[in-house]
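Next comes start-v5.pdb, with PDB, C-alpha atoms and all ligand atoms.
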```pdb
MODEL        1
ATOM      1  CA  MET M   1      96.897  90.537 102.606  1.00  0.00           C
ATOM      2  CA  TYR M   2      98.606  90.233  99.294  1.00  0.00           C
ATOM      3  CA  ARG M   3     101.756  92.071  98.295  1.00  0.00           C
ATOM      4  CA  PHE M   4     100.258  95.435  97.326  1.00  0.00           C
ATOM      5  CA  GLY M   5      98.069  95.541 100.413  1.00  0.00           C
ATOM      6  CA  HIS M   6     101.164  95.014 102.564  1.00  0.00           C
ATOM      7  CA  PHE M   7     103.071  97.673 100.623  1.00  0.00           C
ATOM      8  CA  GLY M   8     100.172 100.044 101.255  1.00  0.00           C
ATOM      9  CA  ILE M   9     100.066  99.419 105.015  1.00  0.00           C
ATOM     10  CA  SER M  10     103.861  99.784 105.216  1.00  0.00           C
ATOM     11  CA  LEU M  11     103.579 103.157 103.472  1.00  0.00           C
ATOM     12  CA  LEU M  12     100.696 104.216 105.748  1.00  0.00           C
ATOM     13  CA  VAL M  13     102.699 103.360 108.882  1.00  0.00           C
ATOM     14  CA  PHE M  14     105.853 104.915 107.460  1.00  0.00           C
ATOM     15  CA  ALA M  15     104.224 108.229 106.425  1.00  0.00           C
ATOM     16  CA  PRO M  16     103.960 109.846 109.894  1.00  0.00           C
ATOM     17  CA  LEU M  17     107.251 108.312 110.998  1.00  0.00           C
ATOM     18  CA  GLY M  18     109.045 109.581 107.888  1.00  0.00           C
ATOM     19  CA  PHE M  19     107.512 113.002 108.433  1.00  0.00           C
ATOM     20  CA  LEU M  20     108.795 113.130 112.023  1.00  0.00           C
ATOM     21  CA  LEU M  21     112.271 111.961 111.025  1.00  0.00           C
ATOM     22  CA  VAL M  22     112.605 114.428 108.136  1.00  0.00           C
ATOM     23  CA  THR M  23     111.369 117.368 110.196  1.00  0.00           C
ATOM     24  CA  ALA M  24     113.834 116.308 112.925  1.00  0.00           C
ATOM     25  CA  GLY M  25     116.663 116.582 110.408  1.00  0.00           C
ATOM     26  CA  ALA M  26     117.231 112.837 109.938  1.00  0.00           C
ATOM     27  CA  VAL M  27     116.561 112.662 106.191  1.00  0.00           C
ATOM     28  CA  GLU M  28     118.879 109.704 105.525  1.00  0.00           C
ATOM     29  CA  LEU M  29     117.364 107.761 108.396  1.00  0.00           C
ATOM     30  CA  ALA M  30     113.880 108.452 107.018  1.00  0.00           C
ATOM     31  CA  PHE M  31     114.961 107.101 103.642  1.00  0.00           C
ATOM     32  CA  VAL M  32     116.536 103.966 105.137  1.00  0.00           C
ATOM     33  CA  THR M  33     113.439 103.405 107.286  1.00  0.00           C
ATOM     34  CA  GLY M  34     111.016 103.673 104.365  1.00  0.00           C
ATOM     35  CA  ALA M  35     113.143 101.527 102.064  1.00  0.00           C
ATOM     36  CA  THR M  36     113.572  98.825 104.724  1.00  0.00           C
ATOM     37  CA  MET M  37     109.882  98.752 105.607  1.00  0.00           C
ATOM     38  CA  LEU M  38     108.973  98.274 101.935  1.00  0.00           C
ATOM     39  CA  TRP M  39     111.759  95.827 101.159  1.00  0.00           C
ATOM     40  CA  LEU M  40     110.908  93.531 104.080  1.00  0.00           C
ATOM     41  CA  SER M  41     107.164  94.117 104.156  1.00  0.00           C
ATOM     42  CA  MET M  42     106.575  90.490 103.075  1.00  0.00           C
ATOM     43  CA  LEU M  43     109.237  88.917 105.318  1.00  0.00           C
ATOM     44  CA  PRO M  44     106.808  86.991 107.586  1.00  0.00           C
ATOM     45  CA  ASP M  45     105.312  85.280 104.518  1.00  0.00           C
ATOM     46  CA  VAL M  46     108.620  83.455 104.091  1.00  0.00           C
ATOM     47  CA  ASP M  47     106.667  80.720 105.916  1.00  0.00           C
ATOM     48  CA  HIS M  48     105.102  79.827 102.551  1.00  0.00           C
ATOM     49  CA  ARG M  49     108.515  78.600 101.456  1.00  0.00           C
ATOM     50  CA  VAL M  50     109.892  77.033 104.626  1.00  0.00           C
ATOM     51  CA  PRO M  51     108.829  73.378 104.944  1.00  0.00           C
ATOM     52  CA  GLY M  52     107.349  72.378 108.298  1.00  0.00           C
ATOM     53  CA  ILE M  53     106.287  75.872 109.346  1.00  0.00           C
ATOM     54  CA  SER M  54     102.578  76.602 109.225  1.00  0.00           C
ATOM     55  CA  HIS M  55     101.424  79.752 107.449  1.00  0.00           C
ATOM     56  CA  ARG M  56     100.692  82.605 109.852  1.00  0.00           C
ATOM     57  CA  GLY M  57     102.338  80.654 112.640  1.00  0.00           C
ATOM     58  CA  PRO M  58     105.750  81.443 114.179  1.00  0.00           C
ATOM     59  CA  THR M  59     106.688  84.160 111.684  1.00  0.00           C
ATOM     60  CA  HIS M  60     103.438  86.015 112.353  1.00  0.00           C
ATOM     61  CA  SER M  61     104.024  86.690 116.051  1.00  0.00           C
ATOM     62  CA  LEU M  62     105.378  89.371 118.359  1.00  0.00           C
ATOM     63  CA  LEU M  63     108.168  86.946 119.243  1.00  0.00           C
ATOM     64  CA  PHE M  64     109.314  86.926 115.606  1.00  0.00           C
ATOM     65  CA  ALA M  65     109.061  90.735 115.563  1.00  0.00           C
ATOM     66  CA  ALA M  66     111.391  90.854 118.579  1.00  0.00           C
ATOM     67  CA  LEU M  67     113.783  88.380 116.926  1.00  0.00           C
ATOM     68  CA  VAL M  68     113.996  90.436 113.740  1.00  0.00           C
ATOM     69  CA  GLY M  69     114.416  93.536 115.918  1.00  0.00           C
ATOM     70  CA  GLY M  70     117.310  91.775 117.642  1.00  0.00           C
ATOM     71  CA  VAL M  71     119.001  91.001 114.312  1.00  0.00           C
ATOM     72  CA  PHE M  72     118.560  94.617 113.211  1.00  0.00           C
ATOM     73  CA  ALA M  73     119.915  95.836 116.546  1.00  0.00           C
ATOM     74  CA  ALA M  74     123.025  93.697 116.039  1.00  0.00           C
ATOM     75  CA  VAL M  75     123.530  95.022 112.508  1.00  0.00           C
ATOM     76  CA  GLY M  76     122.899  98.600 113.664  1.00  0.00           C
ATOM     77  CA  GLY M  77     125.272  98.224 116.589  1.00  0.00           C
ATOM     78  CA  PHE M  78     127.948  96.760 114.304  1.00  0.00           C
ATOM     79  CA  LEU M  79     127.621  99.553 111.759  1.00  0.00           C
ATOM     80  CA  GLY M  80     127.622 102.129 114.527  1.00  0.00           C
ATOM     81  CA  GLN M  81     130.777 100.790 116.170  1.00  0.00           C
ATOM     82  CA  ARG M  82     132.867  99.610 113.243  1.00  0.00           C
ATOM     83  CA  LEU M  83     132.003 102.321 110.756  1.00  0.00           C
ATOM     84  CA  GLY M  84     131.456 105.076 113.271  1.00  0.00           C
ATOM     85  CA  LEU M  85     127.932 105.734 112.015  1.00  0.00           C
ATOM     86  CA  THR M  86     125.476 107.575 114.230  1.00  0.00           C
ATOM     87  CA  ALA M  87     121.987 108.869 113.775  1.00  0.00           C
ATOM     88  CA  THR M  88     121.296 112.384 114.919  1.00  0.00           C
ATOM     89  CA  ILE M  89     117.692 113.339 115.465  1.00  0.00           C
ATOM     90  CA  ASP M  90     116.898 116.871 116.600  1.00  0.00           C
ATOM     91  CA  GLY M  91     115.286 116.792 120.000  1.00  0.00           C
ATOM     92  CA  PHE M  92     116.645 113.313 120.755  1.00  0.00           C
ATOM     93  CA  GLY M  93     120.319 113.949 120.169  1.00  0.00           C
ATOM     94  CA  THR M  94     122.346 110.991 118.957  1.00  0.00           C
ATOM     95  CA  VAL M  95     120.231 107.881 118.858  1.00  0.00           C
ATOM     96  CA  GLY M  96     122.060 104.568 119.105  1.00  0.00           C
ATOM     97  CA  LEU M  97     121.859 102.662 115.841  1.00  0.00           C
ATOM     98  CA  ALA M  98     121.326  99.440 117.797  1.00  0.00           C
ATOM     99  CA  ALA M  99     118.233 100.884 119.464  1.00  0.00           C
ATOM    100  CA  PHE M 100     116.944 102.309 116.218  1.00  0.00           C
ATOM    101  CA  GLY M 101     117.650  98.968 114.514  1.00  0.00           C
ATOM    102  CA  PHE M 102     115.536  97.129 117.064  1.00  0.00           C
ATOM    103  CA  PHE M 103     112.710  99.604 116.581  1.00  0.00           C
ATOM    104  CA  LEU M 104     112.865  99.372 112.783  1.00  0.00           C
ATOM    105  CA  GLY M 105     113.133  95.573 112.602  1.00  0.00           C
ATOM    106  CA  SER M 106     110.280  94.893 114.988  1.00  0.00           C
ATOM    107  CA  LEU M 107     108.101  97.635 113.473  1.00  0.00           C
ATOM    108  CA  THR M 108     108.562  96.130 110.002  1.00  0.00           C
ATOM    109  CA  VAL M 109     107.216  92.765 111.189  1.00  0.00           C
ATOM    110  CA  VAL M 110     104.415  94.278 113.297  1.00  0.00           C
ATOM    111  CA  THR M 111     103.327  96.312 110.254  1.00  0.00           C
ATOM    112  CA  HIS M 112     102.986  93.090 108.251  1.00  0.00           C
ATOM    113  CA  LEU M 113     100.886  91.618 111.068  1.00  0.00           C
ATOM    114  CA  LEU M 114      98.597  94.669 110.913  1.00  0.00           C
ATOM    115  CA  GLY M 115      97.979  93.850 107.252  1.00  0.00           C
ATOM    116  CA  ASP M 116      97.006  90.283 108.097  1.00  0.00           C
ATOM    117  CA  VAL M 117      94.911  90.981 111.203  1.00  0.00           C
ATOM    118  CA  ILE M 118      92.255  92.680 109.052  1.00  0.00           C
ATOM    119  CA  THR M 119      91.589  89.377 107.234  1.00  0.00           C
ATOM    120  CA  PRO M 120      89.331  86.612 108.596  1.00  0.00           C
ATOM    121  CA  MET M 121      92.245  84.184 109.081  1.00  0.00           C
ATOM    122  CA  GLY M 122      93.730  86.656 111.581  1.00  0.00           C
ATOM    123  CA  VAL M 123      97.033  86.548 113.433  1.00  0.00           C
ATOM    124  CA  ASN M 124      98.217  84.674 116.518  1.00  0.00           C
ATOM    125  CA  PHE M 125     100.281  87.519 117.983  1.00  0.00           C
ATOM    126  CA  LEU M 126     101.203  85.599 121.134  1.00  0.00           C
ATOM    127  CA  TRP M 127     102.531  82.398 119.529  1.00  0.00           C
ATOM    128  CA  PRO M 128     103.730  80.068 121.111  1.00  0.00           C
ATOM    129  CA  VAL M 129     102.181  81.142 124.431  1.00  0.00           C
ATOM    130  CA  SER M 130      98.630  81.210 123.154  1.00  0.00           C
ATOM    131  CA  LYS M 131      96.640  79.706 120.295  1.00  0.00           C
ATOM    132  CA  LYS M 132      94.202  82.591 120.048  1.00  0.00           C
ATOM    133  CA  ARG M 133      93.984  84.222 116.634  1.00  0.00           C
ATOM    134  CA  TYR M 134      93.001  87.865 116.517  1.00  0.00           C
ATOM    135  CA  SER M 135      91.063  89.117 113.512  1.00  0.00           C
ATOM    136  CA  LEU M 136      89.201  92.255 112.549  1.00  0.00           C
ATOM    137  CA  SER M 137      87.602  90.380 109.611  1.00  0.00           C
ATOM    138  CA  LEU M 138      87.420  93.469 107.439  1.00  0.00           C
ATOM    139  CA  THR M 139      88.234  91.780 104.128  1.00  0.00           C
ATOM    140  CA  PRO M 140      89.511  88.525 102.631  1.00  0.00           C
ATOM    141  CA  ALA M 141      93.267  88.689 101.913  1.00  0.00           C
ATOM    142  CA  LYS M 142      92.750  88.384  98.155  1.00  0.00           C
ATOM    143  CA  ASN M 143      90.299  91.292  97.798  1.00  0.00           C
ATOM    144  CA  THR M 144      91.609  93.372  94.895  1.00  0.00           C
ATOM    145  CA  LEU M 145      89.913  96.617  95.920  1.00  0.00           C
ATOM    146  CA  TRP M 146      91.360  96.462  99.442  1.00  0.00           C
ATOM    147  CA  ASN M 147      94.837  95.522  98.253  1.00  0.00           C
ATOM    148  CA  TYR M 148      95.155  98.232  95.627  1.00  0.00           C
ATOM    149  CA  GLY M 149      93.098 100.685  97.674  1.00  0.00           C
ATOM    150  CA  LEU M 150      95.533 100.385 100.585  1.00  0.00           C
ATOM    151  CA  PHE M 151      98.442 100.797  98.185  1.00  0.00           C
ATOM    152  CA  VAL M 152      97.016 103.982  96.683  1.00  0.00           C
ATOM    153  CA  LEU M 153      96.233 105.331 100.170  1.00  0.00           C
ATOM    154  CA  GLY M 154      99.791 104.554 101.276  1.00  0.00           C
ATOM    155  CA  VAL M 155     101.344 106.313  98.276  1.00  0.00           C
ATOM    156  CA  PHE M 156      99.084 109.299  98.902  1.00  0.00           C
ATOM    157  CA  ALA M 157      99.993 109.402 102.617  1.00  0.00           C
ATOM    158  CA  VAL M 158     103.737 109.339 101.886  1.00  0.00           C
ATOM    159  CA  ALA M 159     103.357 111.988  99.174  1.00  0.00           C
ATOM    160  CA  ALA M 160     101.393 114.215 101.568  1.00  0.00           C
ATOM    161  CA  ALA M 161     103.932 113.652 104.368  1.00  0.00           C
ATOM    162  CA  THR M 162     106.765 114.501 101.996  1.00  0.00           C
ATOM    163  CA  VAL M 163     105.140 117.752 100.882  1.00  0.00           C
ATOM    164  CA  LEU M 164     104.369 118.735 104.477  1.00  0.00           C
ATOM    165  CA  ALA M 165     107.892 117.889 105.639  1.00  0.00           C
ATOM    166  CA  ILE M 166     109.514 119.866 102.809  1.00  0.00           C
ATOM    167  CA  ARG M 167     107.297 122.866 103.475  1.00  0.00           C
ATOM    168  CA  GLY M 168     108.136 122.679 107.156  1.00  0.00           C
ATOM    169  CA  ILE M 169     111.894 122.734 106.579  1.00  0.00           C
TER
HETATM  170 ZN    ZN Y 201     101.398  87.288 106.207  1.00  0.00          ZN
ENDMDL
END
```
As a first step, turn the structure in this file into structure tokens.
Ligand SMILES: [Zn+2]
Amino acid sequence: MYRFGHFGISLLVFAPLGFLLVTAGAVELAFVTGATMLWLSMLPDVDHRVPGISHRGPTHSLLFAALVGGVFAAVGGFLGQRLGLTATIDGFGTVGLAAFGFFLGSLTVVTHLLGDVITPMGVNFLWPVSKKRYSLSLTPAKNTLWNYGLFVLGVFAVAAATVLAIRGI
């Protein structure tokens, strides 16, 4: 997908997650999660700019998702230890920032892959183990209606989740 399509899918994935976090009392964590998912929604497409790496190759895989999760876990663990930051989620107690970092980093990449798997070019989730590309072939990546449609749907989903979460508090 193009940028706005990826923004839209990030918002769609974030909406229920943000709702759960806000209703569990972790408003700051919800904000950080949403901002990170939007900010890095195009991260795997860095392969357009790195010479020698094929597009939708290594950076469009579950392995890359795990790697980014690992980097986030390290950053989360560092912040948690050095700055004494913790995340408290009702029902879960104190959640380690390293664990949450891994979840957030890998989810951000997987969400991008979801945006690309609906296009005919598909995604090789299991690179480098397999060469098989998975595709739902719903729309070409450049389709304007899909890209902006997903964006509008995403904005609507987050708006609805926000209203529901506020009413529930
Ligand atoms: Zn991509």
Inset, instruction - Have a look at CA of Val75 (chain M) and CA of Val155 (chain M) and let me know their distance in Å, one decimal. - result: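 So the two atoms, CA of Val75 (chain M) and CA of Val155 (chain M), lie 28.7 Å apart.
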Legend entry - Cut-off 12 Å around (105.4, 86.9, 109.3) with all atoms listed in the file: residues as a ChimeraX atom specification: /M:1,6,40-50,53-68,106-117,122-125,127
Legend entry - Coordinates-based distance that separates CA of Gly25 (chain M) from CA of Gly80 (chain M) (Å, one decimal):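 Separation between CA of Gly80 (chain M) and CA of Gly25 (chain M): 18.6 Å.
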Legend entry - Using all atoms listed in the file: which of M:Thr94, M:Thr162, M:Gln81, M:Thr139 has the shortest distance to Phe19 (chain M): M:Thr162
Inset, instruction - Kindly resolve the PyMOL selection byres (((chain M and resi 20) around 12) and not hetatm) on the present coordinates and return the residues as a count of residues only. - result: 29
Inset, instruction - For the file shown, report as a list of chain:residue names the outcome of the PyMOL selection byres (((chain M and resi 73) around 10) and not hetatm) at residue level. - result: M:Leu67, M:Val68, M:Gly69, M:Gly70, M:Val71, M:Phe72, M:Ala74, M:Val75, M:Gly76, M:Gly77, M:Phe78, M:Leu79, M:Gly96, M:Leu97, M:Ala98, M:Ala99, M:Phe100, M:Gly101, M:Phe102, M:Phe103, M:Leu104, M:Gly105, M:Ser106
Inset, instruction - Determine the nearest neighbour of ligand ZN 201 (chain Y) from the options M:Phe31, M:Ala141, M:Lys131, M:Leu83, counting only C-alpha atoms and all ligand atoms. - result: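 Smallest separation from ligand ZN 201 (chain Y) among the options: M:Ala141.
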Legend entry - Atom-to-atom span, CA of Met121 (chain M) and CA of Ile9 (chain M), Å: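 Interatomic distance, CA of Met121 (chain M) to CA of Ile9 (chain M): 17.6 Å.
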Legend entry - Residue among M:Leu138, M:Val152, M:Ile118, M:Leu126 lying closest to ligand ZN 201 (chain Y), counting all atoms listed in the file: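 The closest residue to ligand ZN 201 (chain Y) is M:Ile118.
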Inset, instruction - Rank M:Ala35, M:Tyr2, M:Ala159, M:Leu85 by their smallest atom-to-atom distance to ligand ZN 201 (chain Y), using only C-alpha atoms and all ligand atoms, and report the top residue only. - result: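 Ranking M:Ala35, M:Tyr2, M:Ala159, M:Leu85 by distance to ligand ZN 201 (chain Y), first place goes to M:Tyr2.
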Using the file's own x, y and z axes, what box holds all listed atoms of region 43-61 of chain M with 8 Å on each side, keeping edges along x, y and z, and what are its centre and edge lengths in Å to one decimal, as JSON?
```
{"center_x": 105.3, "center_y": 80.6, "center_z": 108.8, "size_x": 25.2, "size_y": 32.5, "size_z": 30.6}
```
Which residues, written as an mmCIF file with C-alpha atoms, in the frame of the given file, have at least one atom at most 9 Å from Phe156 (chain M), with all atoms listed in the file counted and residues fewer than 5 positions away on the same chain left out?
```cif
data_model
loop_
_atom_site.group_PDB
_atom_site.id
_atom_site.type_symbol
_atom_site.label_atom_id
_atom_site.label_comp_id
_atom_site.auth_asym_id
_atom_site.auth_seq_id
_atom_site.Cartn_x
_atom_site.Cartn_y
_atom_site.Cartn_z
ATOM 1 C CA LEU M 11 103.579 103.157 103.472
ATOM 2 C CA LEU M 12 100.696 104.216 105.748
ATOM 3 C CA PHE M 151 98.442 100.797 98.185
ATOM 4 C CA ALA M 161 103.932 113.652 104.368
#
```
Can you patch up region 27-38 of chain M, filling it in to all heavy atoms, and show the result as a short mmCIF file (atom, residue, chain, number, x, y, z; two decimals), in the frame of the given file?
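See out_5.cif below for the written result:
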```cif
data_model
loop_
_atom_site.label_atom_id
_atom_site.label_comp_id
_atom_site.auth_asym_id
_atom_site.auth_seq_id
_atom_site.Cartn_x
_atom_site.Cartn_y
_atom_site.Cartn_z
N VAL M 27 117.08 113.01 107.52
CA VAL M 27 116.56 112.66 106.19
C VAL M 27 117.05 111.28 105.74
O VAL M 27 116.27 110.46 105.24
CB VAL M 27 116.97 113.73 105.16
CG1 VAL M 27 116.45 113.37 103.77
CG2 VAL M 27 116.42 115.09 105.57
N GLU M 28 118.34 111.01 105.95
CA GLU M 28 118.88 109.70 105.52
C GLU M 28 118.19 108.57 106.29
O GLU M 28 117.86 107.54 105.71
CB GLU M 28 120.39 109.61 105.77
CG GLU M 28 121.23 110.55 104.92
CD GLU M 28 121.43 111.90 105.60
OE1 GLU M 28 120.82 112.14 106.67
OE2 GLU M 28 122.20 112.71 105.05
N LEU M 29 118.00 108.79 107.57
CA LEU M 29 117.36 107.76 108.40
C LEU M 29 115.93 107.52 107.93
O LEU M 29 115.44 106.38 107.93
CB LEU M 29 117.39 108.20 109.86
CG LEU M 29 117.34 107.10 110.92
CD1 LEU M 29 118.46 106.10 110.72
CD2 LEU M 29 117.41 107.70 112.31
N ALA M 30 115.24 108.59 107.54
CA ALA M 30 113.88 108.45 107.02
C ALA M 30 113.90 107.60 105.75
O ALA M 30 113.06 106.72 105.57
CB ALA M 30 113.29 109.83 106.73
N PHE M 31 114.87 107.85 104.89
CA PHE M 31 114.96 107.10 103.64
C PHE M 31 115.24 105.62 103.91
O PHE M 31 114.57 104.74 103.36
CB PHE M 31 116.06 107.71 102.75
CG PHE M 31 116.12 107.07 101.40
CD1 PHE M 31 115.21 107.42 100.41
CD2 PHE M 31 117.07 106.11 101.13
CE1 PHE M 31 115.25 106.82 99.16
CE2 PHE M 31 117.13 105.50 99.88
CZ PHE M 31 116.21 105.85 98.89
N VAL M 32 116.19 105.36 104.80
CA VAL M 32 116.54 103.97 105.14
C VAL M 32 115.33 103.26 105.76
O VAL M 32 115.03 102.10 105.45
CB VAL M 32 117.74 103.93 106.11
CG1 VAL M 32 117.95 102.53 106.68
CG2 VAL M 32 119.01 104.40 105.40
N THR M 33 114.61 103.98 106.62
CA THR M 33 113.44 103.40 107.29
C THR M 33 112.37 103.02 106.27
O THR M 33 111.85 101.90 106.27
CB THR M 33 112.86 104.41 108.31
OG1 THR M 33 113.87 104.71 109.27
CG2 THR M 33 111.64 103.86 109.01
N GLY M 34 112.05 103.94 105.37
CA GLY M 34 111.02 103.67 104.36
C GLY M 34 111.42 102.54 103.44
O GLY M 34 110.62 101.64 103.15
N ALA M 35 112.67 102.56 102.99
CA ALA M 35 113.14 101.53 102.06
C ALA M 35 113.12 100.16 102.73
O ALA M 35 112.70 99.16 102.13
CB ALA M 35 114.56 101.87 101.58
N THR M 36 113.55 100.10 104.00
CA THR M 36 113.57 98.82 104.72
C THR M 36 112.16 98.30 104.95
O THR M 36 111.88 97.11 104.76
CB THR M 36 114.27 99.00 106.09
OG1 THR M 36 115.58 99.51 105.85
CG2 THR M 36 114.36 97.69 106.83
N MET M 37 111.26 99.19 105.34
CA MET M 37 109.88 98.75 105.61
C MET M 37 109.22 98.20 104.35
O MET M 37 108.45 97.24 104.41
CB MET M 37 109.06 99.90 106.18
CG MET M 37 109.45 100.25 107.61
SD MET M 37 108.43 101.54 108.31
CE MET M 37 106.88 100.64 108.56
N LEU M 38 109.54 98.79 103.19
CA LEU M 38 108.97 98.27 101.94
C LEU M 38 109.65 96.97 101.53
O LEU M 38 108.99 95.99 101.17
CB LEU M 38 109.16 99.30 100.82
CG LEU M 38 108.09 100.36 100.68
CD1 LEU M 38 108.37 101.21 99.46
CD2 LEU M 38 106.70 99.74 100.57
#
```
